[in-house]
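Participant: For reference, the file upload_13.pdb (PDB, C-alpha atoms) is included below:
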```pdb
ATOM      1  CA  MET K   1      -0.508 -15.541  35.774  1.00  0.00           C
ATOM      2  CA  ALA K   2       0.389 -12.011  36.934  1.00  0.00           C
ATOM      3  CA  ARG K   3      -1.447 -10.621  39.929  1.00  0.00           C
ATOM      4  CA  MET K   4      -3.005  -7.171  39.807  1.00  0.00           C
ATOM      5  CA  ASP K   5      -0.714  -5.888  42.586  1.00  0.00           C
ATOM      6  CA  ASP K   6       2.414  -7.234  40.849  1.00  0.00           C
ATOM      7  CA  PRO K   7       4.711  -4.255  40.039  1.00  0.00           C
ATOM      8  CA  SER K   8       5.497  -5.617  36.557  1.00  0.00           C
ATOM      9  CA  ASN K   9       1.758  -5.786  35.821  1.00  0.00           C
ATOM     10  CA  ALA K  10       1.356  -2.142  36.881  1.00  0.00           C
ATOM     11  CA  LEU K  11       4.268  -1.242  34.596  1.00  0.00           C
ATOM     12  CA  ALA K  12       2.656  -3.086  31.657  1.00  0.00           C
ATOM     13  CA  VAL K  13      -0.687  -1.374  32.285  1.00  0.00           C
ATOM     14  CA  ALA K  14       1.004   2.045  32.462  1.00  0.00           C
ATOM     15  CA  LEU K  15       2.985   1.371  29.254  1.00  0.00           C
ATOM     16  CA  PHE K  16      -0.001   0.255  27.211  1.00  0.00           C
ATOM     17  CA  SER K  17      -2.200   2.987  28.620  1.00  0.00           C
ATOM     18  CA  GLU K  18       0.307   5.598  27.428  1.00  0.00           C
ATOM     19  CA  ILE K  19       0.691   3.953  23.993  1.00  0.00           C
ATOM     20  CA  LEU K  20      -3.059   3.649  23.431  1.00  0.00           C
ATOM     21  CA  THR K  21      -3.750   7.196  24.596  1.00  0.00           C
ATOM     22  CA  ALA K  22      -0.937   8.633  22.452  1.00  0.00           C
ATOM     23  CA  ASP K  23      -2.233   6.642  19.464  1.00  0.00           C
ATOM     24  CA  GLN K  24      -5.736   8.050  19.916  1.00  0.00           C
ATOM     25  CA  LEU K  25      -4.481  11.622  20.304  1.00  0.00           C
ATOM     26  CA  VAL K  26      -2.255  11.389  17.211  1.00  0.00           C
ATOM     27  CA  ARG K  27      -5.107   9.889  15.167  1.00  0.00           C
ATOM     28  CA  ASN K  28      -7.449  12.690  16.265  1.00  0.00           C
ATOM     29  CA  ARG K  29      -4.928  15.372  15.287  1.00  0.00           C
ATOM     30  CA  LEU K  30      -4.125  13.727  11.960  1.00  0.00           C
ATOM     31  CA  SER K  31      -7.810  13.321  11.097  1.00  0.00           C
ATOM     32  CA  ARG K  32      -8.311  17.069  11.539  1.00  0.00           C
ATOM     33  CA  ILE K  33      -5.197  18.014   9.535  1.00  0.00           C
ATOM     34  CA  LEU K  34      -5.391  15.631   6.564  1.00  0.00           C
ATOM     35  CA  PRO K  35      -6.876  17.014   3.338  1.00  0.00           C
ATOM     36  CA  LYS K  36     -10.660  16.827   3.122  1.00  0.00           C
ATOM     37  CA  GLY K  37     -11.897  13.315   2.405  1.00  0.00           C
ATOM     38  CA  MET K  38      -8.586  11.618   3.196  1.00  0.00           C
ATOM     39  CA  GLU K  39      -8.578   9.143   6.055  1.00  0.00           C
ATOM     40  CA  ILE K  40      -5.511   8.001   7.989  1.00  0.00           C
ATOM     41  CA  SER K  41      -5.773   4.566   6.359  1.00  0.00           C
ATOM     42  CA  HIS K  42      -5.766   6.196   2.906  1.00  0.00           C
ATOM     43  CA  PHE K  43      -2.678   8.260   3.699  1.00  0.00           C
ATOM     44  CA  SER K  44      -0.935   5.224   5.206  1.00  0.00           C
ATOM     45  CA  VAL K  45      -1.444   3.115   2.075  1.00  0.00           C
ATOM     46  CA  LEU K  46      -0.439   5.951  -0.270  1.00  0.00           C
ATOM     47  CA  ASN K  47       2.657   6.664   1.819  1.00  0.00           C
ATOM     48  CA  HIS K  48       3.582   2.971   1.861  1.00  0.00           C
ATOM     49  CA  LEU K  49       3.214   2.657  -1.924  1.00  0.00           C
ATOM     50  CA  ALA K  50       5.117   5.902  -2.557  1.00  0.00           C
ATOM     51  CA  ARG K  51       7.994   4.855  -0.314  1.00  0.00           C
ATOM     52  CA  ALA K  52       8.126   1.272  -1.623  1.00  0.00           C
ATOM     53  CA  GLY K  53       8.272   2.424  -5.224  1.00  0.00           C
ATOM     54  CA  VAL K  54       6.901  -0.943  -6.414  1.00  0.00           C
ATOM     55  CA  GLU K  55       3.497  -2.519  -6.823  1.00  0.00           C
ATOM     56  CA  ARG K  56       2.016  -4.564  -4.009  1.00  0.00           C
ATOM     57  CA  SER K  57      -0.781  -7.093  -3.933  1.00  0.00           C
ATOM     58  CA  PRO K  58      -3.799  -6.385  -1.710  1.00  0.00           C
ATOM     59  CA  ALA K  59      -2.755  -9.372   0.440  1.00  0.00           C
ATOM     60  CA  GLN K  60       0.744  -7.942   0.897  1.00  0.00           C
ATOM     61  CA  LEU K  61      -0.736  -4.584   1.891  1.00  0.00           C
ATOM     62  CA  ALA K  62      -3.133  -6.233   4.343  1.00  0.00           C
ATOM     63  CA  ARG K  63      -0.206  -8.065   5.969  1.00  0.00           C
ATOM     64  CA  SER K  64       1.897  -4.889   6.112  1.00  0.00           C
ATOM     65  CA  PHE K  65      -0.881  -3.006   7.891  1.00  0.00           C
ATOM     66  CA  HIS K  66      -2.056  -5.940  10.028  1.00  0.00           C
ATOM     67  CA  VAL K  67      -5.641  -5.681   8.771  1.00  0.00           C
ATOM     68  CA  THR K  68      -7.974  -8.172   7.142  1.00  0.00           C
ATOM     69  CA  ARG K  69      -8.049  -8.521   3.379  1.00  0.00           C
ATOM     70  CA  GLY K  70     -11.623  -7.249   3.497  1.00  0.00           C
ATOM     71  CA  ALA K  71     -10.589  -4.070   5.296  1.00  0.00           C
ATOM     72  CA  MET K  72      -7.766  -3.518   2.800  1.00  0.00           C
ATOM     73  CA  THR K  73     -10.105  -4.169  -0.146  1.00  0.00           C
ATOM     74  CA  ASN K  74     -12.438  -1.490   1.225  1.00  0.00           C
ATOM     75  CA  THR K  75      -9.603   1.035   1.571  1.00  0.00           C
ATOM     76  CA  LEU K  76      -8.245   0.209  -1.887  1.00  0.00           C
ATOM     77  CA  GLY K  77     -11.705   0.611  -3.410  1.00  0.00           C
ATOM     78  CA  LYS K  78     -11.966   4.123  -2.012  1.00  0.00           C
ATOM     79  CA  LEU K  79      -8.457   5.011  -3.190  1.00  0.00           C
ATOM     80  CA  GLU K  80      -9.146   3.645  -6.670  1.00  0.00           C
ATOM     81  CA  TRP K  81     -12.437   5.569  -6.872  1.00  0.00           C
ATOM     82  CA  ALA K  82     -10.542   8.768  -5.960  1.00  0.00           C
ATOM     83  CA  GLY K  83      -8.010   8.021  -8.714  1.00  0.00           C
ATOM     84  CA  TYR K  84      -5.133   7.678  -6.230  1.00  0.00           C
ATOM     85  CA  ILE K  85      -4.171   4.110  -7.149  1.00  0.00           C
ATOM     86  CA  HIS K  86      -4.277   1.790 -10.132  1.00  0.00           C
ATOM     87  CA  ILE K  87      -5.314  -1.833  -9.661  1.00  0.00           C
ATOM     88  CA  ARG K  88      -4.456  -4.287 -12.408  1.00  0.00           C
ATOM     89  CA  PRO K  89      -4.493  -8.075 -12.791  1.00  0.00           C
ATOM     90  CA  ASP K  90      -1.276  -9.868 -11.864  1.00  0.00           C
ATOM     91  CA  TRP K  91       0.122 -11.017 -15.218  1.00  0.00           C
ATOM     92  CA  ASP K  92       1.595 -14.152 -13.586  1.00  0.00           C
ATOM     93  CA  ASP K  93      -1.545 -15.157 -11.663  1.00  0.00           C
ATOM     94  CA  ALA K  94      -4.850 -13.836 -13.020  1.00  0.00           C
ATOM     95  CA  ARG K  95      -6.563 -14.539  -9.680  1.00  0.00           C
ATOM     96  CA  ARG K  96      -4.449 -11.880  -7.989  1.00  0.00           C
ATOM     97  CA  LYS K  97      -4.284  -8.126  -8.421  1.00  0.00           C
ATOM     98  CA  MET K  98      -1.477  -5.621  -8.140  1.00  0.00           C
ATOM     99  CA  VAL K  99      -1.741  -2.100  -6.726  1.00  0.00           C
ATOM    100  CA  ALA K 100       0.348   0.931  -7.715  1.00  0.00           C
ATOM    101  CA  ILE K 101       0.140   4.569  -6.690  1.00  0.00           C
ATOM    102  CA  SER K 102      -1.020   6.916  -9.458  1.00  0.00           C
ATOM    103  CA  PRO K 103       0.411  10.382 -10.159  1.00  0.00           C
ATOM    104  CA  ALA K 104      -2.728  11.857  -8.516  1.00  0.00           C
ATOM    105  CA  GLY K 105      -2.138   9.573  -5.518  1.00  0.00           C
ATOM    106  CA  ARG K 106       1.448  10.742  -5.218  1.00  0.00           C
ATOM    107  CA  ARG K 107       0.261  14.373  -5.287  1.00  0.00           C
ATOM    108  CA  ALA K 108      -2.401  13.603  -2.644  1.00  0.00           C
ATOM    109  CA  ARG K 109       0.187  11.879  -0.451  1.00  0.00           C
ATOM    110  CA  ASP K 110       2.601  14.798  -0.850  1.00  0.00           C
ATOM    111  CA  SER K 111      -0.184  17.253   0.013  1.00  0.00           C
ATOM    112  CA  ALA K 112      -1.099  15.235   3.118  1.00  0.00           C
ATOM    113  CA  LEU K 113       2.556  15.024   4.137  1.00  0.00           C
ATOM    114  CA  ALA K 114       2.889  18.790   3.757  1.00  0.00           C
ATOM    115  CA  ALA K 115      -0.218  19.247   5.942  1.00  0.00           C
ATOM    116  CA  ILE K 116       0.978  16.992   8.766  1.00  0.00           C
ATOM    117  CA  SER K 117       4.697  17.862   8.700  1.00  0.00           C
ATOM    118  CA  PRO K 118       4.330  21.092  10.738  1.00  0.00           C
ATOM    119  CA  MET K 119       2.490  19.221  13.521  1.00  0.00           C
ATOM    120  CA  ILE K 120       5.092  16.452  13.597  1.00  0.00           C
ATOM    121  CA  GLY K 121       7.935  18.963  13.469  1.00  0.00           C
ATOM    122  CA  GLU K 122       6.413  20.905  16.347  1.00  0.00           C
ATOM    123  CA  LEU K 123       6.069  17.754  18.473  1.00  0.00           C
ATOM    124  CA  ILE K 124       9.671  16.750  17.777  1.00  0.00           C
ATOM    125  CA  ALA K 125      10.873  20.270  18.642  1.00  0.00           C
ATOM    126  CA  GLU K 126       8.892  20.253  21.901  1.00  0.00           C
ATOM    127  CA  LEU K 127      10.125  16.792  22.918  1.00  0.00           C
ATOM    128  CA  GLY K 128      13.659  17.362  21.671  1.00  0.00           C
ATOM    129  CA  GLU K 129      15.350  15.513  18.835  1.00  0.00           C
ATOM    130  CA  ASP K 130      17.586  13.564  21.217  1.00  0.00           C
ATOM    131  CA  LYS K 131      14.593  12.149  23.098  1.00  0.00           C
ATOM    132  CA  VAL K 132      12.839  11.217  19.852  1.00  0.00           C
ATOM    133  CA  ARG K 133      15.976   9.495  18.529  1.00  0.00           C
ATOM    134  CA  ALA K 134      16.268   7.590  21.823  1.00  0.00           C
ATOM    135  CA  MET K 135      12.606   6.488  21.685  1.00  0.00           C
ATOM    136  CA  LEU K 136      12.674   5.147  18.128  1.00  0.00           C
ATOM    137  CA  PRO K 137      14.726   1.975  18.753  1.00  0.00           C
ATOM    138  CA  ILE K 138      12.572   1.116  21.773  1.00  0.00           C
ATOM    139  CA  LEU K 139       9.306   1.657  19.887  1.00  0.00           C
ATOM    140  CA  ARG K 140      10.661  -0.324  16.920  1.00  0.00           C
ATOM    141  CA  GLU K 141      11.659  -3.226  19.200  1.00  0.00           C
ATOM    142  CA  LEU K 142       8.226  -3.159  20.857  1.00  0.00           C
ATOM    143  CA  ARG K 143       6.537  -3.250  17.435  1.00  0.00           C
ATOM    144  CA  LEU K 144       8.698  -6.173  16.321  1.00  0.00           C
ATOM    145  CA  LYS K 145       7.897  -8.123  19.507  1.00  0.00           C
ATOM    146  CA  LEU K 146       4.180  -7.478  18.989  1.00  0.00           C
ATOM    147  CA  GLU K 147       4.434  -8.582  15.344  1.00  0.00           C
ATOM    148  CA  ASP K 148       6.042 -11.864  16.444  1.00  0.00           C
ATOM    149  CA  GLY K 149       3.316 -12.513  19.001  1.00  0.00           C
TER     150      GLY K 149
END
```
Kindly present the structure from the file in structure tokens form.
Facilitator:
Amino acid sequence: MARMDDPSNALAVALFSEILTADQLVRNRLSRILPKGMEISHFSVLNHLARAGVERSPAQLARSFHVTRGAMTNTLGKLEWAGYIHIRPDWDDARRKMVAISPAGRRARDSALAAISPMIGELIAELGEDKVRAMLPILRELRLKLEDG
């Protein structure tokens, strides 16, 4: 067990403090910028479906976003109500459902992307593209290690 005065423990605390604080600040900014009524979780699911280009089951989406099926069902219900997704029965297994982005959902995602792109572009410009490119592999490796754990 690591002791509080262990330098590697202080490094871990500093790392996670920075990650958690940056996460909170980004979420706050995105919440203010996203189109009215759109939550970060809504945008994330729409963006995922738009990029994937194929249907996903609610269980697959829950796994992708590391949330419970109940949380994903709630998000999908709101997106379906807004007309941003279509949910249909899985033709191979009637117990399951499949989710696809609708044309309105694609437009909403594109609108949200257009709203947040200036903020992201500004951050990248301020940090410098080289620094951002250098950070990406490290952040990706950290995410993969956390996913394994």
Participant: Within 10 Å of Val54 in chain K, counting only C-alpha atoms, which residues show up once you throw out same-chain ones fewer than 5 positions away? Write them as a VMD selection string, please.
Facilitator: chain K and resid 48 to 49 98 to 101
Participant: Quick one: distance from CA of Ala10 in chain K to CA of Asp148 in chain K in Å, one decimal?
Facilitator: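 Result for CA of Ala10 in chain K versus CA of Asp148 in chain K: 23.1 Å, one decimal.
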Participant: Which is closer to Ala108 in chain K than all the others in K:Arg27, K:Arg56, K:Arg32, K:His42, using only C-alpha atoms?
Facilitator: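 Checking each of K:Arg27, K:Arg56, K:Arg32, K:His42 against Ala108 in chain K, counting only C-alpha atoms, the winner is K:His42.
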Participant: Would you compute the distance between CA of Pro103 in chain K and CA of Tyr84 in chain K? Give it in Å to one decimal.
Facilitator: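 Computed distance, CA of Pro103 in chain K to CA of Tyr84 in chain K, equals 7.3 Å.
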Participant: Find the residue from K:Leu146, K:Pro137, K:Ser64, K:Ala22 that sits nearest to Ala52 in chain K; use all atoms listed in the file when measuring.
Facilitator: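 Checking each of K:Leu146, K:Pro137, K:Ser64, K:Ala22 against Ala52 in chain K, counting all atoms listed in the file, the winner is K:Ser64.
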Participant: For Ile120 in chain K, which residue among K:Met72, K:Ala14, K:Leu79, K:Val132 is the nearest when counting all atoms listed in the file?
Facilitator: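 For Ile120 in chain K, the nearest of the candidates is K:Val132.
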Participant: What would the selection look like, as a compact mmCIF listing (two decimals) with C-alpha atoms, keeping the file's coordinate frame, if the PyMOL selection byres ((chain K and resi 116) around 12) were run on the coordinates I just shared?
Facilitator:
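Below is the file out_13.txt, written as the result:
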```txt
# COMPACT_ATOMS: atom_id res chain seq x y z
CA VAL K 26 -2.26 11.39 17.21
CA ARG K 27 -5.11 9.89 15.17
CA ARG K 29 -4.93 15.37 15.29
CA LEU K 30 -4.12 13.73 11.96
CA SER K 31 -7.81 13.32 11.10
CA ARG K 32 -8.31 17.07 11.54
CA ILE K 33 -5.20 18.01 9.54
CA LEU K 34 -5.39 15.63 6.56
CA PRO K 35 -6.88 17.01 3.34
CA ILE K 40 -5.51 8.00 7.99
CA PHE K 43 -2.68 8.26 3.70
CA ARG K 109 0.19 11.88 -0.45
CA ASP K 110 2.60 14.80 -0.85
CA SER K 111 -0.18 17.25 0.01
CA ALA K 112 -1.10 15.24 3.12
CA LEU K 113 2.56 15.02 4.14
CA ALA K 114 2.89 18.79 3.76
CA ALA K 115 -0.22 19.25 5.94
CA SER K 117 4.70 17.86 8.70
CA PRO K 118 4.33 21.09 10.74
CA MET K 119 2.49 19.22 13.52
CA ILE K 120 5.09 16.45 13.60
CA GLY K 121 7.94 18.96 13.47
CA GLU K 122 6.41 20.90 16.35
CA LEU K 123 6.07 17.75 18.47
```
Participant: Would you compute the distance between CA of Gly128 in chain K and CA of Ser8 in chain K? Give it in Å to one decimal.
Facilitator: 28.6 Å
Participant: Convert the output of the PyMOL selection byres ((chain K and resi 97) around 9) on the shown file into explicit residues, formatted as a list in words.
Facilitator: Arg56, Ser57, Pro58, Ile87, Arg88, Pro89, Asp90, Trp91, Asp93, Ala94, Arg95, Arg96, Met98 and Val99 of chain K
Participant: Please write out, as JSON, where the centre of an axis-aligned box around all listed atoms of range 107-121 of chain K lies and how long its edges are, in Å to one decimal, after adding 8 Å on each side.
Facilitator:
```
{"center_x": 2.8, "center_y": 16.5, "center_z": 4.2, "size_x": 26.3, "size_y": 25.2, "size_z": 34.9}
```
Participant: Return the single residue from K:Ala104, K:Leu11, K:Ile19, K:Met38 that is closest to Ala50 in chain K, with distances computed using all atoms listed in the file.
Facilitator: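 Closest to Ala50 in chain K of all the choices is K:Ala104.
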Participant: Taking the point (-11.3, 1.5, -1.4) as given in the file, collect each protein or nucleic acid residue that comes within 12 Å of it, counting all atoms listed in the file, and present the set as a PyMOL selection string.
Facilitator: chain K and resi 38-39+41-42+45-46+58+69-87+99
Participant: In file coordinates, which residues lie within 12 Å of (5.3, -3.2, 27.6) using all atoms listed in the file, given as a PyMOL selection string?
Facilitator: chain K and resi 8-20+138-139+141-143+145-146
Participant: Since the input lacks atoms, please generate N, CA and C atoms for range 41-74 of chain K and provide them as a short mmCIF file (atom, residue, chain, number, x, y, z; two decimals), in the frame of the given file.
Facilitator:
```
data_model
loop_
_atom_site.label_atom_id
_atom_site.label_comp_id
_atom_site.auth_asym_id
_atom_site.auth_seq_id
_atom_site.Cartn_x
_atom_site.Cartn_y
_atom_site.Cartn_z
N SER K 41 -6.07 5.81 7.08
CA SER K 41 -5.77 4.57 6.36
C SER K 41 -5.41 4.85 4.90
N HIS K 42 -6.07 5.82 4.29
CA HIS K 42 -5.77 6.20 2.91
C HIS K 42 -4.33 6.74 2.81
N PHE K 43 -4.02 7.68 3.69
CA PHE K 43 -2.68 8.26 3.70
C PHE K 43 -1.63 7.18 3.94
N SER K 44 -1.90 6.28 4.87
CA SER K 44 -0.94 5.22 5.21
C SER K 44 -0.63 4.36 4.00
N VAL K 45 -1.65 3.96 3.26
CA VAL K 45 -1.44 3.12 2.08
C VAL K 45 -0.71 3.90 0.99
N LEU K 46 -1.12 5.14 0.74
CA LEU K 46 -0.44 5.95 -0.27
C LEU K 46 1.02 6.17 0.10
N ASN K 47 1.29 6.44 1.36
CA ASN K 47 2.66 6.66 1.82
C ASN K 47 3.49 5.39 1.65
N HIS K 48 2.90 4.26 1.99
CA HIS K 48 3.58 2.97 1.86
C HIS K 48 3.94 2.71 0.39
N LEU K 49 2.97 2.90 -0.50
CA LEU K 49 3.21 2.66 -1.92
C LEU K 49 4.25 3.64 -2.48
N ALA K 50 4.17 4.89 -2.07
CA ALA K 50 5.12 5.90 -2.56
C ALA K 50 6.53 5.58 -2.09
N ARG K 51 6.67 5.17 -0.85
CA ARG K 51 7.99 4.86 -0.31
C ARG K 51 8.55 3.56 -0.89
N ALA K 52 7.68 2.56 -1.09
CA ALA K 52 8.13 1.27 -1.62
C ALA K 52 8.60 1.41 -3.06
N GLY K 53 7.89 2.23 -3.84
CA GLY K 53 8.27 2.42 -5.22
C GLY K 53 7.97 1.25 -6.13
N VAL K 54 7.28 0.23 -5.62
CA VAL K 54 6.90 -0.94 -6.41
C VAL K 54 5.46 -1.30 -6.12
N GLU K 55 4.87 -2.07 -7.03
CA GLU K 55 3.50 -2.52 -6.82
C GLU K 55 3.44 -3.52 -5.67
N ARG K 56 2.27 -3.60 -5.07
CA ARG K 56 2.02 -4.56 -4.01
C ARG K 56 0.67 -5.22 -4.28
N SER K 57 0.53 -6.44 -3.83
CA SER K 57 -0.78 -7.09 -3.93
C SER K 57 -1.63 -6.64 -2.75
N PRO K 58 -2.95 -6.71 -2.86
CA PRO K 58 -3.80 -6.38 -1.71
C PRO K 58 -3.46 -7.23 -0.47
N ALA K 59 -3.12 -8.51 -0.69
CA ALA K 59 -2.76 -9.37 0.44
C ALA K 59 -1.48 -8.88 1.12
N GLN K 60 -0.49 -8.47 0.32
CA GLN K 60 0.74 -7.94 0.90
C GLN K 60 0.46 -6.68 1.70
N LEU K 61 -0.38 -5.81 1.17
CA LEU K 61 -0.74 -4.58 1.89
C LEU K 61 -1.47 -4.91 3.18
N ALA K 62 -2.40 -5.85 3.13
CA ALA K 62 -3.13 -6.23 4.34
C ALA K 62 -2.17 -6.74 5.41
N ARG K 63 -1.20 -7.57 5.00
CA ARG K 63 -0.21 -8.06 5.97
C ARG K 63 0.64 -6.93 6.53
N SER K 64 1.06 -6.01 5.66
CA SER K 64 1.90 -4.89 6.11
C SER K 64 1.20 -4.03 7.16
N PHE K 65 -0.12 -3.88 6.99
CA PHE K 65 -0.88 -3.01 7.89
C PHE K 65 -1.62 -3.78 8.98
N HIS K 66 -1.44 -5.11 9.00
CA HIS K 66 -2.06 -5.94 10.03
C HIS K 66 -3.57 -5.75 10.07
N VAL K 67 -4.18 -5.77 8.89
CA VAL K 67 -5.64 -5.68 8.77
C VAL K 67 -6.12 -6.86 7.93
N THR K 68 -7.42 -7.09 7.95
CA THR K 68 -7.97 -8.17 7.14
C THR K 68 -7.92 -7.80 5.67
N ARG K 69 -8.01 -8.80 4.81
CA ARG K 69 -8.05 -8.52 3.38
C ARG K 69 -9.29 -7.71 3.04
N GLY K 70 -10.39 -8.00 3.73
CA GLY K 70 -11.62 -7.25 3.50
C GLY K 70 -11.47 -5.77 3.81
N ALA K 71 -10.82 -5.47 4.93
CA ALA K 71 -10.59 -4.07 5.30
C ALA K 71 -9.70 -3.39 4.26
N MET K 72 -8.66 -4.10 3.80
CA MET K 72 -7.77 -3.52 2.80
C MET K 72 -8.50 -3.33 1.48
N THR K 73 -9.33 -4.29 1.09
CA THR K 73 -10.10 -4.17 -0.15
C THR K 73 -10.99 -2.93 -0.10
N ASN K 74 -11.59 -2.67 1.05
CA ASN K 74 -12.44 -1.49 1.23
C ASN K 74 -11.62 -0.21 1.04
#
```
